[in-house]
>>> print(open('entry-v8.cif').read())   # mmCIF, C-alpha atoms
data_final
#
loop_
_atom_site.group_PDB
_atom_site.id
_atom_site.type_symbol
_atom_site.label_atom_id
_atom_site.label_comp_id
_atom_site.auth_asym_id
_atom_site.auth_seq_id
_atom_site.Cartn_x
_atom_site.Cartn_y
_atom_site.Cartn_z
ATOM 1 C CA MET U 1160 0.000 0.000 0.000
ATOM 2 C CA LEU U 1161 2.878 2.379 0.665
ATOM 3 C CA ALA U 1162 4.866 1.699 -2.509
ATOM 4 C CA GLY U 1163 4.136 4.263 -5.159
ATOM 5 C CA ARG U 1164 1.308 5.926 -3.238
ATOM 6 C CA LYS U 1165 2.766 7.347 -0.040
ATOM 7 C CA ILE U 1166 6.479 6.633 -0.598
ATOM 8 C CA LYS U 1167 8.174 6.514 -4.002
ATOM 9 C CA PHE U 1168 9.261 3.151 -5.393
ATOM 10 C CA LYS U 1169 12.813 4.423 -5.759
ATOM 11 C CA THR U 1170 12.983 5.483 -2.106
ATOM 12 C CA LEU U 1171 11.624 2.159 -0.860
ATOM 13 C CA SER U 1172 13.964 0.234 -3.170
ATOM 14 C CA LEU U 1173 16.974 2.161 -1.889
ATOM 15 C CA ILE U 1174 15.975 1.585 1.754
ATOM 16 C CA ALA U 1175 15.468 -2.150 1.142
ATOM 17 C CA LEU U 1176 18.775 -2.536 -0.729
ATOM 18 C CA PHE U 1177 20.619 -0.533 1.922
ATOM 19 C CA LEU U 1178 19.244 -2.779 4.685
ATOM 20 C CA PHE U 1179 20.120 -5.870 2.647
ATOM 21 C CA ALA U 1180 23.708 -4.805 1.938
ATOM 22 C CA ILE U 1181 24.679 -3.082 5.175
ATOM 23 C CA ALA U 1182 22.764 -5.166 7.735
ATOM 24 C CA GLY U 1183 23.705 -8.314 5.812
ATOM 25 C CA GLY U 1184 27.400 -7.438 5.642
ATOM 26 C CA ILE U 1185 27.961 -5.740 8.997
ATOM 27 C CA PRO U 1186 28.499 -9.029 10.925
ATOM 28 C CA PHE U 1187 31.796 -9.311 9.018
ATOM 29 C CA PHE U 1188 33.121 -6.570 11.315
ATOM 30 C CA PHE U 1189 31.763 -8.079 14.546
ATOM 31 C CA SER U 1190 34.286 -9.429 17.006
ATOM 32 C CA SER U 1191 33.616 -12.586 18.965
ATOM 33 C CA THR U 1192 32.688 -10.417 21.981
ATOM 34 C CA VAL U 1193 29.651 -8.833 20.282
ATOM 35 C CA PRO U 1194 26.483 -10.018 22.042
ATOM 36 C CA PHE U 1195 24.369 -12.487 20.110
ATOM 37 C CA GLY U 1196 21.399 -10.103 20.345
ATOM 38 C CA VAL U 1197 23.256 -7.524 18.239
ATOM 39 C CA PHE U 1198 23.931 -10.207 15.634
ATOM 40 C CA LEU U 1199 20.220 -11.142 15.622
ATOM 41 C CA VAL U 1200 19.176 -7.502 15.181
ATOM 42 C CA ALA U 1201 21.503 -7.217 12.165
ATOM 43 C CA ARG U 1202 20.023 -10.401 10.687
ATOM 44 C CA ALA U 1203 16.468 -9.162 11.336
ATOM 45 C CA LEU U 1204 17.202 -5.872 9.541
ATOM 46 C CA PHE U 1205 18.770 -7.843 6.689
ATOM 47 C CA GLY U 1206 15.631 -9.992 6.461
ATOM 48 C CA LEU U 1207 13.440 -6.889 6.487
ATOM 49 C CA GLY U 1208 15.389 -5.430 3.563
ATOM 50 C CA LEU U 1209 15.277 -8.672 1.603
ATOM 51 C CA GLY U 1210 11.610 -9.248 2.382
ATOM 52 C CA CYS U 1211 10.665 -5.743 1.274
ATOM 53 C CA PHE U 1212 12.702 -5.703 -1.907
ATOM 54 C CA PHE U 1213 11.042 -8.554 -3.787
ATOM 55 C CA PRO U 1214 7.453 -7.264 -3.507
ATOM 56 C CA ILE U 1215 8.710 -3.841 -4.599
ATOM 57 C CA VAL U 1216 10.356 -5.385 -7.667
ATOM 58 C CA THR U 1217 7.199 -7.329 -8.508
ATOM 59 C CA SER U 1218 5.077 -4.174 -8.201
ATOM 60 C CA LEU U 1219 7.497 -2.227 -10.378
ATOM 61 C CA ILE U 1220 7.418 -4.904 -13.078
ATOM 62 C CA THR U 1221 3.617 -4.918 -12.963
ATOM 63 C CA LYS U 1222 3.495 -1.138 -13.417
ATOM 64 C CA MET U 1223 6.247 -0.932 -16.063
ATOM 65 C CA PHE U 1224 5.046 -3.756 -18.324
ATOM 66 C CA THR U 1225 1.393 -3.602 -19.320
ATOM 67 C CA ASN U 1226 1.712 -6.356 -21.928
ATOM 68 C CA GLU U 1227 1.009 -9.694 -20.193
ATOM 69 C CA THR U 1228 3.593 -11.617 -22.263
ATOM 70 C CA ALA U 1229 6.348 -9.091 -21.628
ATOM 71 C CA ARG U 1230 5.484 -8.948 -17.926
ATOM 72 C CA ALA U 1231 5.579 -12.738 -17.600
ATOM 73 C CA SER U 1232 8.909 -12.879 -19.453
ATOM 74 C CA VAL U 1233 10.513 -10.249 -17.227
ATOM 75 C CA MET U 1234 9.237 -11.956 -14.063
ATOM 76 C CA GLY U 1235 10.539 -15.300 -15.342
ATOM 77 C CA ILE U 1236 13.961 -13.837 -16.118
ATOM 78 C CA GLY U 1237 14.010 -12.230 -12.662
ATOM 79 C CA SER U 1238 13.245 -15.583 -11.032
ATOM 80 C CA VAL U 1239 16.040 -17.261 -12.967
ATOM 81 C CA PHE U 1240 18.562 -14.642 -11.867
ATOM 82 C CA PHE U 1241 17.346 -14.798 -8.265
ATOM 83 C CA ASN U 1242 17.830 -18.578 -8.183
ATOM 84 C CA ILE U 1243 21.234 -18.396 -9.871
ATOM 85 C CA GLY U 1244 22.248 -15.749 -7.331
ATOM 86 C CA ALA U 1245 21.034 -17.930 -4.459
ATOM 87 C CA MET U 1246 23.001 -20.917 -5.738
ATOM 88 C CA LEU U 1247 26.162 -18.901 -6.321
ATOM 89 C CA GLY U 1248 25.747 -17.163 -2.972
ATOM 90 C CA VAL U 1249 25.499 -20.398 -1.011
ATOM 91 C CA THR U 1250 28.486 -21.867 -2.861
ATOM 92 C CA ILE U 1251 30.666 -18.769 -2.492
ATOM 93 C CA ALA U 1252 29.665 -18.394 1.168
ATOM 94 C CA GLY U 1253 30.689 -22.007 1.819
ATOM 95 C CA PHE U 1254 34.148 -21.418 0.386
ATOM 96 C CA LEU U 1255 34.512 -18.077 2.196
ATOM 97 C CA ALA U 1256 33.632 -19.826 5.465
ATOM 98 C CA LEU U 1257 36.602 -22.160 4.953
ATOM 99 C CA VAL U 1258 38.846 -19.159 5.593
ATOM 100 C CA HIS U 1259 36.855 -17.675 8.489
ATOM 101 C CA TRP U 1260 33.178 -17.762 9.473
ATOM 102 C CA GLN U 1261 32.847 -13.974 9.291
ATOM 103 C CA ASN U 1262 33.922 -13.907 5.636
ATOM 104 C CA VAL U 1263 30.477 -15.278 4.710
ATOM 105 C CA PHE U 1264 29.011 -11.842 5.342
ATOM 106 C CA LEU U 1265 31.274 -10.126 2.793
ATOM 107 C CA PHE U 1266 29.023 -11.500 0.056
ATOM 108 C CA TYR U 1267 26.166 -9.188 1.094
ATOM 109 C CA PHE U 1268 28.173 -6.080 0.287
ATOM 110 C CA PHE U 1269 27.591 -6.930 -3.391
ATOM 111 C CA GLY U 1270 24.114 -5.510 -2.701
ATOM 112 C CA LEU U 1271 25.686 -2.067 -2.918
ATOM 113 C CA ILE U 1272 26.025 -2.534 -6.702
ATOM 114 C CA PRO U 1273 22.254 -2.673 -7.330
ATOM 115 C CA PHE U 1274 21.856 0.104 -4.734
ATOM 116 C CA ILE U 1275 24.004 2.393 -6.895
ATOM 117 C CA LEU U 1276 22.291 1.261 -10.114
ATOM 118 C CA VAL U 1277 18.817 1.907 -8.666
ATOM 119 C CA ALA U 1278 19.912 5.319 -7.360
ATOM 120 C CA ILE U 1279 21.140 6.309 -10.826
ATOM 121 C CA PHE U 1280 18.792 4.619 -13.297
ATOM 122 C CA LEU U 1281 15.411 3.772 -11.730
ATOM 123 C CA LYS U 1282 12.679 6.065 -12.938
ATOM 124 C CA GLU U 1283 9.458 6.293 -10.991
ATOM 125 C CA PRO U 1284 6.527 4.695 -12.858
ATOM 126 C CA GLU U 1285 3.603 6.912 -13.771
ATOM 127 C CA GLN U 1286 1.004 7.360 -11.067
ATOM 128 C CA GLU U 1287 -2.273 5.605 -11.770
ATOM 129 C CA ALA U 1288 -5.631 7.140 -11.047
ATOM 130 C CA GLU U 1289 -6.835 6.236 -7.574
ATOM 131 C CA LEU U 1290 -8.754 2.988 -7.781
ATOM 132 C CA LYS U 1291 -12.037 2.520 -6.001
ATOM 133 C CA LYS U 1292 -11.278 0.885 -2.672
ATOM 134 C CA GLU U 1293 -13.296 -2.241 -2.077
ATOM 135 C CA LYS U 1294 -13.099 -4.356 1.019
ATOM 136 C CA ILE U 1295 -12.084 -7.863 0.165
ATOM 137 C CA LYS U 1296 -13.406 -10.515 2.460
ATOM 138 C CA ILE U 1297 -11.071 -13.458 2.977
ATOM 139 C CA PRO U 1298 -12.861 -16.662 3.925
ATOM 140 C CA ALA U 1299 -11.910 -18.529 7.102
ATOM 141 C CA LYS U 1300 -10.601 -21.367 4.956
ATOM 142 C CA GLY U 1301 -8.047 -18.945 3.453
ATOM 143 C CA PHE U 1302 -6.745 -18.001 6.890
ATOM 144 C CA PHE U 1303 -6.475 -21.692 7.778
ATOM 145 C CA TYR U 1304 -4.360 -22.352 4.670
ATOM 146 C CA LEU U 1305 -2.214 -19.316 5.454
ATOM 147 C CA VAL U 1306 -1.480 -20.625 8.972
ATOM 148 C CA ILE U 1307 -0.585 -24.054 7.531
ATOM 149 C CA LEU U 1308 1.724 -22.395 4.991
ATOM 150 C CA LEU U 1309 3.467 -20.310 7.668
ATOM 151 C CA CYS U 1310 3.953 -23.383 9.875
ATOM 152 C CA ALA U 1311 5.440 -25.269 6.911
ATOM 153 C CA VAL U 1312 7.845 -22.403 6.168
ATOM 154 C CA VAL U 1313 9.008 -22.207 9.799
ATOM 155 C CA GLU U 1314 9.430 -25.982 10.022
ATOM 156 C CA THR U 1315 11.353 -26.085 6.741
ATOM 157 C CA GLN U 1316 13.754 -23.399 7.959
ATOM 158 C CA LEU U 1317 14.307 -25.239 11.222
ATOM 159 C CA LEU U 1318 15.056 -28.443 9.312
ATOM 160 C CA TRP U 1319 17.507 -26.639 7.007
ATOM 161 C CA ASN U 1320 19.346 -25.209 9.984
ATOM 162 C CA TYR U 1321 19.403 -28.602 11.662
ATOM 163 C CA LEU U 1322 20.712 -30.218 8.460
ATOM 164 C CA GLY U 1323 23.592 -27.724 8.419
ATOM 165 C CA LEU U 1324 24.383 -28.611 12.031
ATOM 166 C CA ILE U 1325 24.290 -32.354 11.259
ATOM 167 C CA LEU U 1326 26.581 -31.947 8.237
ATOM 168 C CA GLY U 1327 29.020 -29.886 10.302
ATOM 169 C CA GLU U 1328 29.047 -32.471 13.094
ATOM 170 C CA ALA U 1329 29.637 -35.204 10.499
ATOM 171 C CA GLY U 1330 32.844 -33.431 9.502
ATOM 172 C CA TYR U 1331 31.734 -31.819 6.248
ATOM 173 C CA SER U 1332 33.289 -28.443 5.490
ATOM 174 C CA PRO U 1333 31.119 -25.366 4.948
ATOM 175 C CA ALA U 1334 31.953 -25.533 1.217
ATOM 176 C CA VAL U 1335 30.608 -29.093 0.924
ATOM 177 C CA THR U 1336 27.546 -28.161 2.999
ATOM 178 C CA GLY U 1337 26.870 -25.239 0.619
ATOM 179 C CA LEU U 1338 27.131 -27.542 -2.377
ATOM 180 C CA ILE U 1339 24.740 -30.048 -0.774
ATOM 181 C CA PHE U 1340 22.232 -27.262 -0.089
ATOM 182 C CA ASN U 1341 22.539 -26.175 -3.740
ATOM 183 C CA GLY U 1342 21.393 -29.632 -4.800
ATOM 184 C CA PHE U 1343 18.044 -28.854 -3.195
ATOM 185 C CA LEU U 1344 17.742 -25.533 -5.059
ATOM 186 C CA ILE U 1345 17.863 -27.092 -8.500
#
>>> encode(input="entry-v8.cif", output="structure tokens")
Amino acid sequence: MLAGRKIKFKTLSLIALFLFAIAGGIPFFFSSTVPFGVFLVARALFGLGLGCFFPIVTSLITKMFTNETARASVMGIGSVFFNIGAMLGVTIAGFLALVHWQNVFLFYFFGLIPFILVAIFLKEPEQEAELKKEKIKIPAKGFFYLVILLCAVVETQLLWNYLGLILGEAGYSPAVTGLIFNGFLI
């Protein structure tokens, strides 16, 4: 609701990319004496930036491409690049972790590249006429499915984290663990 109406797309994109790059990369500079709570706050801000950026991108694509075929193509290309980036990121992070665990966070500073590109090249899409606001009623069944989906997402993340712990205890290096995780992304 905020994007494009109350706050410009460019402003929101820059805030999201800044949070992604800086909050994602700042743990590289943390010493071992930094409280775990500070680390969690940095990760939460990173997640906020990442979680905000993708809906903004989707909204921008929807506004910039009115042709359904072109819109679908651009969204498909974006998904391909996102998945390639995720696979490369996990692999590179695994090899960086072989040197030192904090080196993993250097990868997030690459987010400053799109930050600069957005700051220079992103043009605000044209403002649409205010649409008539209708209340949409979501059935109880929809809320039930949403709760099931959220539980599945939380459980999946817990299992992924536990799998990383198991692989580490079994003697696998972070690089091998990253490659194993990539097998699930294909």
>>> residues_near_point(input="entry-v8.cif", point="(23.1, -7.7, 8.4)", cutoff="10 Å", atoms="only C-alpha atoms", output="number ranges by chain")
U: 1177-1187, 1197-1208, 1264, 1267-1268
>>> atom_distance(input="entry-v8.cif", atom1="CA of Leu1326 in chain U", atom2="CA of Val1239 in chain U")
27.9 Å
>>> atom_distance(input="entry-v8.cif", atom1="CA of Thr1217 in chain U", atom2="CA of Val1277 in chain U")
14.8 Å
>>> atom_distance(input="entry-v8.cif", atom1="CA of Ile1236 in chain U", atom2="CA of Lys1222 in chain U")
16.7 Å
>>> resolve_selection(input="entry-v8.cif", expression="the PyMOL selection byres ((chain U and resi 1310-1325) around 12)", output="JSON list (two decimals) with C-alpha atoms, in the frame of the given file")
[["chain", "number", "residue", "atom", "x", "y", "z"],
["U", 1253, "GLY", "CA", 30.69, -22.01, 1.82],
["U", 1303, "PHE", "CA", -6.48, -21.69, 7.78],
["U", 1304, "TYR", "CA", -4.36, -22.35, 4.67],
["U", 1305, "LEU", "CA", -2.21, -19.32, 5.45],
["U", 1306, "VAL", "CA", -1.48, -20.62, 8.97],
["U", 1307, "ILE", "CA", -0.58, -24.05, 7.53],
["U", 1308, "LEU", "CA", 1.72, -22.40, 4.99],
["U", 1309, "LEU", "CA", 3.47, -20.31, 7.67],
["U", 1326, "LEU", "CA", 26.58, -31.95, 8.24],
["U", 1327, "GLY", "CA", 29.02, -29.89, 10.30],
["U", 1328, "GLU", "CA", 29.05, -32.47, 13.09],
["U", 1329, "ALA", "CA", 29.64, -35.20, 10.50],
["U", 1330, "GLY", "CA", 32.84, -33.43, 9.50],
["U", 1331, "TYR", "CA", 31.73, -31.82, 6.25],
["U", 1332, "SER", "CA", 33.29, -28.44, 5.49],
["U", 1333, "PRO", "CA", 31.12, -25.37, 4.95],
["U", 1334, "ALA", "CA", 31.95, -25.53, 1.22],
["U", 1335, "VAL", "CA", 30.61, -29.09, 0.92],
["U", 1336, "THR", "CA", 27.55, -28.16, 3.00],
["U", 1337, "GLY", "CA", 26.87, -25.24, 0.62],
["U", 1338, "LEU", "CA", 27.13, -27.54, -2.38],
["U", 1339, "ILE", "CA", 24.74, -30.05, -0.77],
["U", 1340, "PHE", "CA", 22.23, -27.26, -0.09],
["U", 1341, "ASN", "CA", 22.54, -26.18, -3.74],
["U", 1343, "PHE", "CA", 18.04, -28.85, -3.20]]
>>> resolve_selection(input="entry-v8.cif", expression="the PyMOL selection byres ((chain U and resi 1252) around 10)", output="list in words")
Met1246, Leu1247, Gly1248, Val1249, Thr1250, Ile1251, Gly1253, Phe1254, Leu1255, Ala1256, Leu1257, Trp1260, Gln1261, Asn1262, Val1263, Phe1264, Leu1265, Phe1266, Tyr1267, Pro1333, Ala1334 and Gly1337 of chain U
>>> axis_aligned_box(input="entry-v8.cif", around="range 1200-1205 of chain U", padding_each_side="8 Å", output="JSON")
{"center_x": 19.0, "center_y": -8.1, "center_z": 10.9, "size_x": 21.0, "size_y": 20.5, "size_z": 24.5}
>>> closest_residue(input="entry-v8.cif", among="U:Thr1221, U:Ala1278, U:Arg1164, U:Gly1301", to="Val1233 in chain U", atoms="only C-alpha atoms")
U:Thr1221
>>> closest_residue(input="entry-v8.cif", among="U:Ile1220, U:Ile1295, U:Leu1209, U:Ile1243", to="Gly1270 in chain U", atoms="only C-alpha atoms")
U:Leu1209
>>> decode(input="entry-v8.cif", residues="range 1262-1306 of chain U", atoms="C-alpha atoms", output="tab-separated table (two decimals), in the first residue's frame")
chain	number	residue	atom	x	y	z
U	1262	ASN	CA	33.92	-13.91	5.64
U	1263	VAL	CA	30.48	-15.28	4.71
U	1264	PHE	CA	29.01	-11.84	5.34
U	1265	LEU	CA	31.27	-10.13	2.79
U	1266	PHE	CA	29.02	-11.50	0.06
U	1267	TYR	CA	26.17	-9.19	1.09
U	1268	PHE	CA	28.17	-6.08	0.29
U	1269	PHE	CA	27.59	-6.93	-3.39
U	1270	GLY	CA	24.11	-5.51	-2.70
U	1271	LEU	CA	25.69	-2.07	-2.92
U	1272	ILE	CA	26.02	-2.53	-6.70
U	1273	PRO	CA	22.25	-2.67	-7.33
U	1274	PHE	CA	21.86	0.10	-4.73
U	1275	ILE	CA	24.00	2.39	-6.90
U	1276	LEU	CA	22.29	1.26	-10.11
U	1277	VAL	CA	18.82	1.91	-8.67
U	1278	ALA	CA	19.91	5.32	-7.36
U	1279	ILE	CA	21.14	6.31	-10.83
U	1280	PHE	CA	18.79	4.62	-13.30
U	1281	LEU	CA	15.41	3.77	-11.73
U	1282	LYS	CA	12.68	6.06	-12.94
U	1283	GLU	CA	9.46	6.29	-10.99
U	1284	PRO	CA	6.53	4.69	-12.86
U	1285	GLU	CA	3.60	6.91	-13.77
U	1286	GLN	CA	1.00	7.36	-11.07
U	1287	GLU	CA	-2.27	5.61	-11.77
U	1288	ALA	CA	-5.63	7.14	-11.05
U	1289	GLU	CA	-6.83	6.24	-7.57
U	1290	LEU	CA	-8.75	2.99	-7.78
U	1291	LYS	CA	-12.04	2.52	-6.00
U	1292	LYS	CA	-11.28	0.89	-2.67
U	1293	GLU	CA	-13.30	-2.24	-2.08
U	1294	LYS	CA	-13.10	-4.36	1.02
U	1295	ILE	CA	-12.08	-7.86	0.16
U	1296	LYS	CA	-13.41	-10.51	2.46
U	1297	ILE	CA	-11.07	-13.46	2.98
U	1298	PRO	CA	-12.86	-16.66	3.92
U	1299	ALA	CA	-11.91	-18.53	7.10
U	1300	LYS	CA	-10.60	-21.37	4.96
U	1301	GLY	CA	-8.05	-18.95	3.45
U	1302	PHE	CA	-6.74	-18.00	6.89
U	1303	PHE	CA	-6.47	-21.69	7.78
U	1304	TYR	CA	-4.36	-22.35	4.67
U	1305	LEU	CA	-2.21	-19.32	5.45
U	1306	VAL	CA	-1.48	-20.62	8.97
